[in-house]
file model-v8.txt (compact mmCIF, C-alpha atoms)
# COMPACT_ATOMS: atom_id res chain seq x y z
CA MET K 141 -23.33 -2.29 -7.78
CA PHE K 142 -24.31 -1.02 -4.33
CA ASP K 143 -22.72 2.34 -3.49
CA GLU K 144 -21.92 2.52 0.23
CA VAL K 145 -21.72 6.33 0.12
CA THR K 146 -25.11 7.05 -1.48
CA ARG K 147 -26.66 3.78 -0.22
CA THR K 148 -28.11 3.12 -3.66
CA TRP K 149 -27.63 0.59 -6.46
CA GLN K 150 -25.82 2.02 -9.47
CA GLU K 151 -24.47 0.78 -12.78
CA TYR K 152 -20.72 0.38 -12.65
CA SER K 153 -18.01 0.22 -15.32
CA LEU K 154 -14.39 -0.66 -14.50
CA ASP K 155 -12.92 1.25 -17.44
CA ASP K 156 -15.00 4.37 -16.80
CA ASP K 157 -14.13 4.25 -13.11
CA ILE K 158 -10.36 4.21 -13.62
CA GLU K 159 -10.59 7.13 -16.05
CA GLN K 160 -12.64 9.14 -13.56
CA ILE K 161 -10.24 8.32 -10.72
CA ASN K 162 -7.14 9.35 -12.66
CA ALA K 163 -8.80 12.60 -13.71
CA ALA K 164 -9.92 13.31 -10.12
CA ILE K 165 -6.43 12.65 -8.72
CA LYS K 166 -4.94 14.98 -11.30
CA ASP K 167 -7.49 17.67 -10.38
CA GLU K 168 -6.76 17.27 -6.65
CA GLU K 169 -3.03 17.54 -7.21
CA SER K 170 -3.54 20.61 -9.38
CA LYS K 171 -5.82 22.13 -6.74
CA SER K 172 -3.25 21.48 -4.01
CA GLN K 173 -0.59 23.06 -6.15
CA ARG K 174 -2.75 26.12 -6.89
CA ASP K 175 -3.61 26.52 -3.20
CA SER K 176 0.04 26.50 -2.16
CA SER K 177 1.85 27.98 -5.13
CA ALA K 178 -0.51 29.01 -7.98
CA ARG K 179 2.06 29.24 -10.81
CA ARG K 180 4.14 31.70 -8.78
CA LYS K 181 7.57 33.12 -9.28
CA VAL K 182 10.08 31.42 -7.03
CA LYS K 183 13.04 32.90 -5.26
CA ASP K 184 15.39 30.05 -6.17
CA THR K 185 15.00 27.42 -8.89
CA GLU K 186 17.94 25.22 -7.81
CA PHE K 187 15.80 22.30 -6.62
CA TYR K 188 13.64 22.46 -9.73
CA ASP K 189 16.74 22.55 -11.91
CA LEU K 190 18.22 19.55 -10.11
CA LEU K 191 15.16 17.50 -11.00
CA GLY K 192 14.86 19.03 -14.46
CA ILE K 193 11.29 20.27 -14.02
CA GLN K 194 9.35 23.54 -14.33
CA THR K 195 8.34 25.50 -11.25
CA ASP K 196 4.66 24.66 -11.89
CA ALA K 197 5.26 20.89 -12.09
CA SER K 198 2.58 18.69 -10.55
CA SER K 199 3.19 16.21 -7.72
CA SER K 200 3.18 13.33 -10.18
CA GLU K 201 5.71 15.08 -12.42
CA ILE K 202 7.99 15.77 -9.44
CA ARG K 203 7.90 12.15 -8.34
CA ALA K 204 8.54 10.85 -11.88
CA ALA K 205 11.45 13.26 -12.39
CA TYR K 206 12.95 12.26 -9.04
CA ARG K 207 12.84 8.55 -9.86
CA LYS K 208 14.43 9.16 -13.24
CA LYS K 209 17.24 11.34 -11.86
CA ALA K 210 17.88 9.05 -8.89
CA ARG K 211 18.16 6.07 -11.20
CA GLU K 212 20.75 7.90 -13.27
CA VAL K 213 23.00 8.91 -10.36
CA HIS K 214 22.38 6.17 -7.79
CA PRO K 215 25.81 5.23 -6.31
CA ASP K 216 25.18 1.52 -6.89
CA LYS K 217 24.56 2.09 -10.59
CA VAL K 218 27.69 4.04 -11.59
CA ASP K 219 31.33 3.19 -12.07
CA LYS K 220 33.48 3.16 -8.92
CA SER K 221 35.52 6.09 -10.19
CA MET K 222 32.35 8.22 -10.29
CA ARG K 223 30.84 6.99 -7.01
CA GLU K 224 31.89 9.95 -4.86
CA SER K 225 30.38 12.53 -7.19
CA ALA K 226 27.31 10.33 -7.66
CA GLU K 227 26.76 10.17 -3.89
CA LYS K 228 26.93 13.96 -3.68
CA MET K 229 24.44 14.39 -6.52
CA PHE K 230 22.21 11.70 -5.03
CA ARG K 231 22.02 13.58 -1.72
CA GLU K 232 21.21 16.81 -3.54
CA ILE K 233 18.34 15.44 -5.61
CA SER K 234 17.02 13.60 -2.54
CA ALA K 235 16.92 16.87 -0.61
CA ALA K 236 15.23 18.54 -3.57
CA TYR K 237 12.57 15.83 -3.76
CA GLU K 238 11.91 15.81 -0.03
CA THR K 239 11.28 19.55 -0.17
CA LEU K 240 9.24 19.75 -3.38
CA SER K 241 7.14 16.64 -2.76
CA ASP K 242 5.36 18.24 0.19
CA PRO K 243 3.12 21.27 -0.61
CA GLN K 244 3.99 23.15 2.60
CA SER K 245 7.76 22.72 2.42
CA ARG K 246 7.60 23.50 -1.30
CA LEU K 247 5.79 26.76 -0.63
CA ARG K 248 8.37 27.68 2.02
CA TYR K 249 11.18 26.95 -0.44
CA ASP K 250 9.53 28.97 -3.21
CA ASN K 251 9.16 31.97 -0.92
CA SER K 252 12.50 31.82 0.84
CA GLY K 253 14.78 29.58 -1.20
CA ILE K 254 15.34 27.46 1.92
CA GLY K 255 14.52 23.77 1.70
CA SER K 256 13.47 21.40 4.46
CA ASN K 257 15.95 18.86 5.73
CA GLU K 258 18.55 19.90 3.18
CA ASP K 259 21.17 17.82 5.00
CA SER K 260 19.13 14.67 4.58
CA GLU K 261 20.87 11.90 2.69
CA PHE K 262 17.71 10.32 1.38
CA ALA K 263 14.00 10.77 0.87
CA LEU K 264 12.36 7.61 2.17
CA ASP K 265 9.55 6.18 0.06
CA PRO K 266 7.29 4.46 2.65
CA TYR K 267 5.50 2.46 -0.05
CA ALA K 268 8.76 0.95 -1.28
CA PHE K 269 10.00 0.38 2.28
CA PHE K 270 6.95 -1.47 3.58
CA GLY K 271 6.51 -3.30 0.31
CA THR K 272 10.02 -4.68 0.72
CA LEU K 273 9.72 -5.28 4.46
CA PHE K 274 6.61 -7.40 4.02
CA GLY K 275 7.78 -8.89 0.71
CA SER K 276 4.70 -7.85 -1.27
CA GLU K 277 6.39 -7.39 -4.65
CA LEU K 278 4.98 -10.55 -6.28
CA VAL K 279 1.48 -9.94 -4.90
CA GLU K 280 1.30 -6.20 -5.47
CA GLN K 281 -1.19 -6.74 -8.29
CA TYR K 282 -3.47 -8.51 -5.80
CA VAL K 283 -3.05 -6.29 -2.75
CA GLY K 284 -1.84 -2.92 -4.10
CA GLU K 285 0.03 -0.51 -1.85
CA LEU K 286 -0.56 -1.48 1.77
CA SER K 287 -2.51 1.00 3.90
CA ILE K 288 0.12 0.89 6.62
CA ALA K 289 2.49 2.56 4.15
CA ASN K 290 -0.17 5.16 3.37
CA ALA K 291 -0.53 5.97 7.07
CA PHE K 292 3.23 6.31 7.42
CA ASP K 293 3.30 8.61 4.40
CA SER K 294 0.74 10.87 6.10
CA LEU K 295 2.90 11.02 9.24
CA LEU K 296 5.89 12.00 7.11
CA ARG K 297 3.84 14.77 5.54
CA LEU K 298 3.02 16.16 8.98
CA SER K 299 6.59 15.82 10.27
CA ARG K 300 7.91 17.86 7.35
CA ARG K 301 5.76 20.83 8.35
CA GLY K 302 7.82 21.53 11.46
CA GLU K 303 6.69 22.02 15.05
CA THR K 304 5.52 25.59 14.50
CA GLU K 305 3.16 24.50 11.71
CA LEU K 306 1.53 21.52 13.43
CA SER K 307 -1.61 23.42 14.37
CA PHE K 308 -4.83 23.35 12.39
CA GLU K 309 -7.83 25.59 12.77
CA SER K 310 -10.20 23.16 11.07
CA LEU K 311 -10.54 19.55 10.01
CA GLU K 312 -10.21 20.65 6.40
CA GLU K 313 -6.75 22.09 7.07
CA LEU K 314 -5.65 18.80 8.60
CA LYS K 315 -7.05 16.88 5.61
CA ALA K 316 -5.20 19.16 3.25
CA ALA K 317 -1.96 18.70 5.18
CA ILE K 318 -2.03 14.92 4.87
CA GLY K 319 -3.47 14.90 1.35
CA TYR K 320 -6.69 13.25 2.56
CA ASN K 321 -8.71 13.72 -0.63
CA VAL K 322 -5.96 12.26 -2.79
CA GLN K 323 -5.61 9.33 -0.38
CA ILE K 324 -9.31 8.53 -0.66
CA LEU K 325 -9.01 8.55 -4.44
CA LYS K 326 -5.90 6.37 -4.28
CA LYS K 327 -7.75 3.85 -2.12
CA ARG K 328 -10.49 3.71 -4.73
CA LYS K 329 -7.86 3.44 -7.47
CA ARG K 330 -6.15 0.62 -5.58
CA GLU K 331 -9.34 -1.46 -5.62
CA THR K 332 -10.03 -0.65 -9.27
CA GLU K 333 -6.52 -1.55 -10.43
CA ILE K 334 -6.72 -4.88 -8.59
CA ALA K 335 -10.09 -5.54 -10.25
CA ILE K 336 -8.56 -4.75 -13.65
CA HIS K 337 -5.69 -7.15 -12.95
CA LEU K 338 -8.13 -9.89 -11.90
CA ARG K 339 -10.11 -9.30 -15.08
CA SER K 340 -6.95 -9.72 -17.13
CA ARG K 341 -5.79 -12.74 -15.11
CA VAL K 342 -9.02 -14.71 -15.64
CA ALA K 343 -9.62 -13.53 -19.23
CA ASP K 344 -8.27 -16.67 -20.93
CA TYR K 345 -10.58 -18.89 -18.90
CA VAL K 346 -13.58 -16.58 -19.32
CA ASP K 347 -13.02 -16.35 -23.09
CA GLY K 348 -12.72 -20.13 -23.42
CA LEU K 349 -9.06 -20.03 -24.42
CA LEU K 350 -7.99 -22.00 -21.33
CA ALA K 351 -9.68 -25.12 -19.97
CA LEU K 352 -10.57 -25.32 -16.29
CA ASP K 353 -7.79 -27.77 -15.42
CA ALA K 354 -5.19 -25.69 -17.28
CA PHE K 355 -6.36 -22.51 -15.57
CA LYS K 356 -6.29 -24.21 -12.16
CA GLU K 357 -2.75 -25.41 -12.81
CA SER K 358 -1.62 -21.91 -13.82
CA CYS K 359 -3.04 -20.53 -10.55
CA TYR K 360 -1.29 -23.24 -8.56
CA GLN K 361 2.05 -22.50 -10.23
CA GLU K 362 1.64 -18.78 -9.63
CA ALA K 363 0.90 -19.43 -5.97
CA ALA K 364 3.93 -21.71 -5.71
CA THR K 365 6.11 -18.90 -7.07
CA ILE K 366 4.67 -16.43 -4.57
CA ALA K 367 5.24 -18.91 -1.72
CA LYS K 368 9.00 -18.85 -2.40
CA GLU K 369 9.18 -15.24 -1.22
CA ALA K 370 9.93 -14.39 2.40
CA SER K 371 6.31 -13.65 3.36
CA GLY K 372 4.64 -15.31 0.38
CA THR K 373 2.82 -17.87 2.53
CA ARG K 374 1.26 -15.16 4.68
CA PHE K 375 0.01 -13.33 1.62
CA LEU K 376 -1.44 -16.50 0.09
CA LEU K 377 -3.35 -17.21 3.30
CA ALA K 378 -4.61 -13.62 3.31
CA ILE K 379 -5.57 -13.46 -0.38
CA GLY K 380 -6.87 -16.98 -1.06
CA PRO K 381 -9.70 -17.28 1.51
CA GLN K 382 -10.92 -13.76 0.73
CA LEU K 383 -11.16 -14.44 -3.02
CA VAL K 384 -13.08 -17.65 -2.31
CA ALA K 385 -15.44 -15.87 0.08
CA GLU K 386 -16.17 -13.04 -2.37
CA ALA K 387 -16.75 -15.45 -5.28
CA ASN K 388 -19.04 -17.67 -3.19
CA TYR K 389 -21.03 -14.63 -2.10
CA PHE K 390 -21.61 -13.50 -5.69
CA LEU K 391 -22.31 -16.97 -7.09
CA GLY K 392 -24.50 -17.96 -4.17
CA TYR K 393 -27.12 -15.34 -5.00
CA ARG K 394 -26.93 -15.59 -8.79
CA LYS K 395 -26.19 -19.15 -9.83
CA SER K 396 -27.27 -21.50 -7.10
CA VAL K 397 -30.77 -23.02 -7.27
CA VAL K 398 -30.51 -23.60 -3.53
CA LYS K 399 -32.11 -20.56 -1.92
CA TRP K 400 -30.00 -20.65 1.24
CA ARG K 401 -26.59 -20.75 -0.46
CA GLY K 402 -26.44 -16.98 -0.99
CA PRO K 403 -27.23 -15.97 2.62
CA VAL K 404 -24.93 -18.67 4.01
CA SER K 405 -22.07 -17.52 1.77
CA ASN K 406 -22.65 -13.95 2.91
CA VAL K 407 -22.52 -15.00 6.56
CA LYS K 408 -19.25 -16.89 5.99
CA ARG K 409 -17.82 -13.86 4.16
CA LYS K 410 -18.72 -11.56 7.03
CA LEU K 411 -17.37 -14.01 9.60
CA LEU K 412 -14.02 -14.09 7.80
CA LYS K 413 -13.78 -10.30 7.99
CA PHE K 414 -14.94 -10.33 11.62
CA ARG K 415 -12.32 -12.92 12.63
CA ARG K 416 -9.57 -10.89 11.00
CA LYS K 417 -10.69 -7.67 12.66
CA ALA K 418 -11.02 -9.42 16.02
CA SER K 419 -7.51 -10.83 15.59
CA MET K 420 -6.23 -7.34 14.80
CA TYR K 421 -7.78 -5.75 17.89
CA LYS K 422 -6.57 -8.65 20.03
CA SER K 423 -3.06 -8.22 18.65
CA ILE K 424 -3.08 -4.48 19.30
CA PHE K 425 -4.18 -5.04 22.91
CA TYR K 426 -1.68 -7.87 23.44
CA THR K 427 1.18 -5.86 21.94
CA ALA K 428 0.41 -2.87 24.15
CA LYS K 429 0.19 -5.05 27.28
CA GLU K 430 3.33 -7.08 26.58
CA SER K 431 5.29 -3.97 25.62
CA VAL K 432 4.50 -2.40 28.97
CA LEU K 433 5.55 -5.59 30.77
CA ILE K 434 8.81 -5.76 28.82
CA MET K 435 9.58 -2.11 29.49
CA ASN K 436 8.82 -2.48 33.21
CA ALA K 437 10.80 -5.70 33.56
CA GLU K 438 13.85 -4.88 31.48
CA CYS K 439 14.27 -1.12 31.57
CA PRO K 440 16.35 0.19 34.52
CA ARG K 441 14.66 2.42 37.02
CA ASP K 442 17.83 4.41 37.59
CA ALA K 443 17.45 7.64 35.66
CA LYS K 444 21.17 7.65 34.79
CA GLN K 445 20.88 4.30 33.07
CA GLN K 446 17.57 4.90 31.32
CA SER K 447 18.96 6.84 28.39
CA GLU K 448 21.54 4.13 27.71
CA ALA K 449 19.15 1.19 27.93
CA SER K 450 15.94 2.68 26.53
CA VAL K 451 16.77 1.74 22.94
CA ASP K 452 17.42 -1.89 23.89
CA CYS K 453 14.17 -2.06 25.84
CA LEU K 454 12.19 -0.70 22.93
CA SER K 455 13.96 -3.08 20.54
CA ASN K 456 12.62 -6.06 22.46
CA THR K 457 9.08 -5.04 21.53
CA ILE K 458 9.81 -5.09 17.78
CA PRO K 459 8.66 -8.72 17.16
CA LEU K 460 5.32 -7.95 18.79
CA ILE K 461 4.89 -4.78 16.75
CA LEU K 462 5.69 -6.59 13.49
CA GLU K 463 3.12 -9.30 14.22
CA MET K 464 0.57 -6.61 15.01
CA ALA K 465 1.37 -4.97 11.68
CA TRP K 466 0.63 -8.25 9.93
CA THR K 467 -2.82 -8.50 11.51
CA ILE K 468 -3.50 -4.97 10.28
CA ASN K 469 -2.37 -6.04 6.81
CA TYR K 470 -4.81 -8.98 6.86
CA VAL K 471 -7.75 -6.68 7.53
CA ASP K 472 -6.51 -4.19 4.95
CA ILE K 473 -6.15 -6.89 2.28
CA ALA K 474 -9.56 -8.38 3.07
CA THR K 475 -11.29 -5.01 2.76
CA THR K 476 -9.45 -4.11 -0.42
CA LEU K 477 -10.10 -7.44 -2.16
CA SER K 478 -13.76 -7.25 -1.19
CA GLY K 479 -14.04 -3.89 -2.94
CA ALA K 480 -12.04 -5.09 -5.96
CA CYS K 481 -14.15 -8.24 -6.43
CA ASN K 482 -17.31 -6.21 -6.07
CA LYS K 483 -16.17 -4.02 -8.96
CA LEU K 484 -15.09 -7.00 -11.05
CA PHE K 485 -18.36 -8.88 -10.62
CA TYR K 486 -20.65 -5.89 -11.24
CA ASP K 487 -18.90 -4.42 -14.30
CA VAL K 488 -21.77 -3.59 -16.67
CA ALA K 489 -19.44 -3.63 -19.66
CA SER K 490 -19.62 -7.43 -19.43
CA SER K 491 -22.59 -9.75 -19.83
CA LYS K 492 -24.14 -11.61 -16.93
CA GLU K 493 -22.67 -14.89 -18.18
CA GLU K 494 -19.20 -13.37 -18.40
CA ARG K 495 -19.41 -12.00 -14.88
CA LEU K 496 -20.45 -15.42 -13.56
CA LEU K 497 -17.43 -16.96 -15.29
CA ARG K 498 -15.22 -14.31 -13.72
CA ALA K 499 -16.54 -15.23 -10.29
CA GLN K 500 -15.95 -18.94 -10.97
CA ALA K 501 -12.38 -18.22 -12.07
CA VAL K 502 -11.72 -16.07 -9.00
CA HIS K 503 -13.02 -18.93 -6.84
CA VAL K 504 -10.58 -21.33 -8.52
CA MET K 505 -7.71 -18.88 -8.08
CA GLY K 506 -8.52 -18.26 -4.42
CA SER K 507 -8.78 -22.00 -3.76
CA GLN K 508 -5.37 -22.66 -5.30
CA PHE K 509 -3.76 -19.75 -3.44
CA HIS K 510 -5.24 -21.02 -0.18
CA LEU K 511 -4.18 -24.61 -0.92
CA VAL K 512 -0.54 -23.67 -1.58
CA GLY K 513 -0.55 -21.39 1.46
CA LEU K 514 -1.66 -24.27 3.67
CA GLN K 515 0.87 -26.64 2.09
CA LYS K 516 3.75 -24.22 2.66
CA ALA K 517 2.62 -23.01 6.08
CA GLY K 518 4.42 -25.85 7.84
CA ASN K 519 7.72 -24.82 6.28
CA PHE K 520 7.24 -21.10 6.88
CA THR K 521 9.32 -19.57 9.65
CA ALA K 522 8.66 -15.95 10.51
CA PRO K 523 11.53 -13.87 11.89
CA HIS K 524 11.00 -13.90 15.65
CA THR K 525 14.18 -12.50 17.18
CA VAL K 526 15.00 -8.83 17.43
CA ASP K 527 18.20 -9.26 15.42
CA GLU K 528 16.42 -11.14 12.61
CA ILE K 529 13.79 -8.45 12.31
CA LYS K 530 16.39 -5.69 12.45
CA ASP K 531 18.30 -7.42 9.65
CA ARG K 532 15.16 -7.64 7.55
CA ALA K 533 14.26 -4.01 8.24
CA SER K 534 17.77 -2.91 7.25
CA ALA K 535 17.58 -4.99 4.09
CA ALA K 536 14.14 -3.56 3.37
CA PHE K 537 15.44 -0.04 3.75
CA ALA K 538 18.37 -0.63 1.43
CA GLU K 539 16.26 -2.44 -1.13
CA SER K 540 13.47 0.13 -0.96
CA MET K 541 15.96 2.84 -1.90
CA LYS K 542 17.00 0.83 -4.94
CA ARG K 543 13.42 0.00 -5.90
CA ALA K 544 12.30 3.58 -5.46
CA TYR K 545 14.90 4.73 -7.96
CA ALA K 546 14.82 1.78 -10.34
call {"tool": "encode", "arguments": {"input": "model-v8.txt", "output": "structure tokens"}}
result
Amino acid sequence: MFDEVTRTWQEYSLDDDIEQINAAIKDEESKSQRDSSARRKVKDTEFYDLLGIQTDASSSEIRAAYRKKAREVHPDKVDKSMRESAEKMFREISAAYETLSDPQSRLRYDNSGIGSNEDSEFALDPYAFFGTLFGSELVEQYVGELSIANAFDSLLRLSRRGETELSFESLEELKAAIGYNVQILKKRKRETEIAIHLRSRVADYVDGLLALDAFKESCYQEAATIAKEASGTRFLLAIGPQLVAEANYFLGYRKSVVKWRGPVSNVKRKLLKFRRKASMYKSIFYTAKESVLIMNAECPRDAKQQSEASVDCLSNTIPLILEMAWTINYVDIATTLSGACNKLFYDVASSKEERLLRAQAVHVMGSQFHLVGLQKAGNFTAPHTVDEIKDRASAAFAESMKRAYA
């Protein structure tokens, strides 16, 4: 497989890669913890006790403990007679998690016993929120955690530092603040986990346990199930063509006796990515332009009225911003699936014949996803009014809280 970093061809193994990634993430988290706390004595252990963890717990252990505790005391999951006490406990463990999940606020708490945002009633999980907002639950195994959620998570990390701490003497300090190294590893892990899922999904066909027609039908039925979700059609039209393009690219160079099939497939693959990127940049420009026009046309010029109407003016730009977010998702999904398919098709643990069968199966899957997406596109209605989008965002927030603690 061609390594974009070293610009060299290297042997690649899916199973070895995921082991290396998990180990590297663990090392990075341990390093971050040592840099900020280094198995120190803490002034107050209340937050640690609330989550039931040791003071040297890793980031992963803190997150796991938080989910477990939140699930136990979530107000929606207890008897009505215990709801008041459950809400109080829920706020407390949320404040504990929000403080301990960020290295800087955790260090401040360890040294002073004072947490950040202790009055907060929740600790928003951006991955759960955006996953619910865009309806990506059924396709998570194909797209992973969307990058837009990752970017929002980085902003939350910075916001928790406080105004007096938002200054960095070097690029490395900024990277450390947003967890840059861990994010790079998680991006790599995202692609690898999708590749592992694809390997599992096509295994029956590759191993000869499922005939072509039966496998095609199973892909069609899976796509039909995905299409029933709020944004399922959008995801099918994002995933399907990309899987087809990646499979054609691989098969074109390795199976076709026609010499030009490989280069042509590569051109089509690159054009698909180019069109999606061009659409994204166009959407960003259009959103910025229309937002300015809306603000100028609808926002009062009278300074006394501006504070009262500013929220309504900004609300009218929400549909444009959501559509822009979708174009960003398309590019993100295309890039991620390209990396995942590359790993799947070049896995040296499998024979050449097996890898060709994998590519054929991925082509079938992509074709069926695209077909169902096109069939359902006529019936798909995206939320286009401000109130509809607000309702969906509110529902996403409420559901993300439940999902984060489930």
call {"tool": "atom_distance", "arguments": {"input": "model-v8.txt", "atom1": "atom CA of Ala370 of chain K", "atom2": "atom CA of Gly513 of chain K"}}
result
12.6 Å
call {"tool": "residues_around", "arguments": {"input": "model-v8.txt", "residues": "Asp189 of chain K", "least_positions_apart": "3", "cutoff": "12 Å", "atoms": "all atoms listed in the file", "output": "PyMOL selection string"}}
result
chain K and resi 184-186+192-195+197+202+205-206+209+232-233+236-237+240
call {"tool": "atom_distance", "arguments": {"input": "model-v8.txt", "atom1": "atom CA of Leu325 of chain K", "atom2": "atom CA of Leu477 of chain K"}}
result
16.2 Å
call {"tool": "closest_residue", "arguments": {"input": "model-v8.txt", "among": "K:Val504, K:Arg203, K:Val404, K:Lys166", "to": "Ala354 of chain K", "atoms": "only C-alpha atoms"}}
result
K:Val504
call {"tool": "axis_aligned_box", "arguments": {"input": "model-v8.txt", "around": "segment 157-167 of chain K", "padding_each_side": "6 Å", "output": "lines of an AutoDock Vina configuration file"}}
result
center_x = -9.5
center_y = 10.9
center_z = -12.4
size_x = 21.2
size_y = 25.5
size_z = 19.3
call {"tool": "atom_distance", "arguments": {"input": "model-v8.txt", "atom1": "atom CA of Arg495 of chain K", "atom2": "atom CA of Glu277 of chain K"}}
result
28.1 Å
call {"tool": "residues_around", "arguments": {"input": "model-v8.txt", "residues": "segment 328-341 of chain K", "least_positions_apart": "6", "cutoff": "8 Å", "atoms": "all atoms listed in the file", "output": "number ranges by chain"}}
result
K: 154, 157-158, 161-162, 281-285, 476-477, 479-481, 483-484, 498, 502
call {"tool": "write_last_selection", "arguments": {"input": "model-v8.txt", "atoms": "C-alpha atoms", "output": "short mmCIF file (atom, residue, chain, number, x, y, z; two decimals), in the frame of the given file"}}
result
data_model
loop_
_atom_site.label_atom_id
_atom_site.label_comp_id
_atom_site.auth_asym_id
_atom_site.auth_seq_id
_atom_site.Cartn_x
_atom_site.Cartn_y
_atom_site.Cartn_z
CA LEU K 154 -14.39 -0.66 -14.50
CA ASP K 157 -14.13 4.25 -13.11
CA ILE K 158 -10.36 4.21 -13.62
CA ILE K 161 -10.24 8.32 -10.72
CA ASN K 162 -7.14 9.35 -12.66
CA GLN K 281 -1.19 -6.74 -8.29
CA TYR K 282 -3.47 -8.51 -5.80
CA VAL K 283 -3.05 -6.29 -2.75
CA GLY K 284 -1.84 -2.92 -4.10
CA GLU K 285 0.03 -0.51 -1.85
CA THR K 476 -9.45 -4.11 -0.42
CA LEU K 477 -10.10 -7.44 -2.16
CA GLY K 479 -14.04 -3.89 -2.94
CA ALA K 480 -12.04 -5.09 -5.96
CA CYS K 481 -14.15 -8.24 -6.43
CA LYS K 483 -16.17 -4.02 -8.96
CA LEU K 484 -15.09 -7.00 -11.05
CA ARG K 498 -15.22 -14.31 -13.72
CA VAL K 502 -11.72 -16.07 -9.00
#
call {"tool": "residues_around", "arguments": {"input": "model-v8.txt", "residues": "segment 382-389 of chain K", "least_positions_apart": "2", "cutoff": "10 Å", "atoms": "all atoms listed in the file", "output": "ChimeraX atom specification"}}
result
/K:376-380,391-396,401-413,470,473-482,485,496,498-510
call {"tool": "closest_residue", "arguments": {"input": "model-v8.txt", "among": "K:Leu511, K:Ile458, K:Val432, K:Ala465", "to": "Tyr360 of chain K", "atoms": "only C-alpha atoms"}}
result
K:Leu511
call {"tool": "closest_residue", "arguments": {"input": "model-v8.txt", "among": "K:Val342, K:Val182, K:Val512, K:Ile461", "to": "Asn251 of chain K", "atoms": "only C-alpha atoms"}}
result
K:Val182
call {"tool": "closest_residue", "arguments": {"input": "model-v8.txt", "among": "K:Leu460, K:Ser234, K:Arg211, K:Leu191", "to": "Lys429 of chain K", "atoms": "all atoms listed in the file"}}
result
K:Leu460
call {"tool": "closest_residue", "arguments": {"input": "model-v8.txt", "among": "K:Ala226, K:Val279, K:Ala291, K:Ile165", "to": "Arg374 of chain K", "atoms": "all atoms listed in the file"}}
result
K:Val279
